[in-house]
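Here's the structure, in structure tokens; my notes come after.
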Amino acid sequence: MPSAPTAATTGPARSAPAPVAAAPAAVCRHCGGFPAVNVAFRAHLGLLFFLRFRRMDGPVCRTCGLALHRGFTTYTLCWGWWSPLSLVLFGWLTLVRNLLAVRRVERLPEPGPAVTGGRFDPGVPVHRRPLAYVALIPLCWVLTLIVAAVSGGG
């Protein structure tokens with residue numbers, strides 16, 4: 001009759017895994033509100049051959065995240081198109097990355113009371129800010145160049 005397995009026959013004894021402490025929940029780096037999500041918002045400035053990139057990352061609550069998104073996106077829409085590289089690549093890339101970040105922020109519920117001071121004011125949406133439409137100037141300029149090239153080349 002076989003005997004019961006022992007440590008010598010089954011290998012080294014294994015202890016139960018140590019309990020893992022739950023990761024502390026993220027709080028907003030600006031107001032201390034909860035819940036918060038870790039995201040990065042970007043802004044881009046393109047002036048002919050001068051390019052500047054700004055980035056603010058860290059955990060933000062819904063209210064502060066919307067404010068950062070609206071401010072950085074409006075800045076990019078106003079100043080991010082005045083360089084050929086910006087018009088073709090960097091302006092669009094910045095806007096898409098901000099859109100992906102704000103989608104994560106919008107999934108959060110409204111935060112609790114601010115702990116470390118005031119909360120950012122989101123203000124009006126981007127489409128209601130006049131500076132967001134400055135991007136139409138280079139767009140019209142490019143369209144004019146295309147129309148002139150097509151009509152003059154034939």
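Residue names in the structure tokens use chain letters A, B, ... in the order shown, residue numbers from 1 in each chain, and ligand numbers from 1 in the order shown.
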
task: Can you pull out every residue within 7 Å of Gly80 (chain A), counting only C-alpha atoms, but drop anything in the same chain fewer than 6 positions away, and send it as a list in words?
output: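 What passes the distance filter is His44, Leu45, Gly46, Ser86 and Gly91 of chain A.
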
Take the residues just selected and output them with N, CA and C atoms as an mmCIF file, in the first residue's frame.
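Done, and the output landed in again-v1.cif:
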data_model
loop_
_atom_site.group_PDB
_atom_site.id
_atom_site.type_symbol
_atom_site.label_atom_id
_atom_site.label_comp_id
_atom_site.auth_asym_id
_atom_site.auth_seq_id
_atom_site.Cartn_x
_atom_site.Cartn_y
_atom_site.Cartn_z
ATOM 1 N N HIS A 44 1.142 71.988 -28.388
ATOM 2 C CA HIS A 44 2.182 72.126 -29.411
ATOM 3 C C HIS A 44 2.123 73.524 -30.001
ATOM 4 N N LEU A 45 3.302 74.103 -30.178
ATOM 5 C CA LEU A 45 3.444 75.395 -30.833
ATOM 6 C C LEU A 45 4.382 75.201 -32.006
ATOM 7 N N GLY A 46 3.958 75.616 -33.177
ATOM 8 C CA GLY A 46 4.804 75.515 -34.355
ATOM 9 C C GLY A 46 4.855 76.847 -35.078
ATOM 10 N N SER A 86 4.300 71.025 -38.372
ATOM 11 C CA SER A 86 3.146 71.040 -37.477
ATOM 12 C C SER A 86 1.860 70.822 -38.245
ATOM 13 N N GLY A 91 0.765 68.858 -35.114
ATOM 14 C CA GLY A 91 -0.511 69.391 -34.639
ATOM 15 C C GLY A 91 -1.565 68.307 -34.523
#

Contact check, region 62-115 of chain A to region 119-125 of chain A, at most 10 Å, counting only C-alpha atoms, closest pairs as a Markdown table:
| residue | atom | partner | partner_atom | distance |
| --- | --- | --- | --- | --- |
| A:Arg62 | CA | A:Pro122 | CA | 9.5 |
| A:Thr63 | CA | A:Pro122 | CA | 6.4 |
| A:Cys64 | CA | A:Phe120 | CA | 5.0 |
| A:Gly65 | CA | A:Pro122 | CA | 8.1 |
| A:Leu66 | CA | A:Pro122 | CA | 5.6 |
| A:Ala67 | CA | A:Pro122 | CA | 3.7 |
| A:Leu68 | CA | A:Pro122 | CA | 7.5 |
| A:His69 | CA | A:Pro122 | CA | 8.5 |
| A:Arg70 | CA | A:Pro125 | CA | 6.6 |
| A:Gly71 | CA | A:Pro122 | CA | 8.3 |
| A:Thr74 | CA | A:Pro125 | CA | 9.5 |
| A:Pro113 | CA | A:Arg119 | CA | 9.0 |
| A:Ala114 | CA | A:Arg119 | CA | 6.4 |
| A:Val115 | CA | A:Arg119 | CA | 9.1 |

Residues of chain A in strand (DSSP E), written as number ranges by chain: A: 37-47, 50-60

query: When distances are computed from only C-alpha atoms, which of A:Trp92, A:Phe72, A:Phe49, A:Phe41 shows the smallest separation from Ala132 (chain A)?
result: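 Closest residue, counting only C-alpha atoms: A:Phe72.
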
message: as a ChimeraX atom specification, please: every residue in region 54-120 of chain A that a backbone DSSP assignment puts in alpha helix (DSSP H).
response: /A:62-79,84-85,91-106
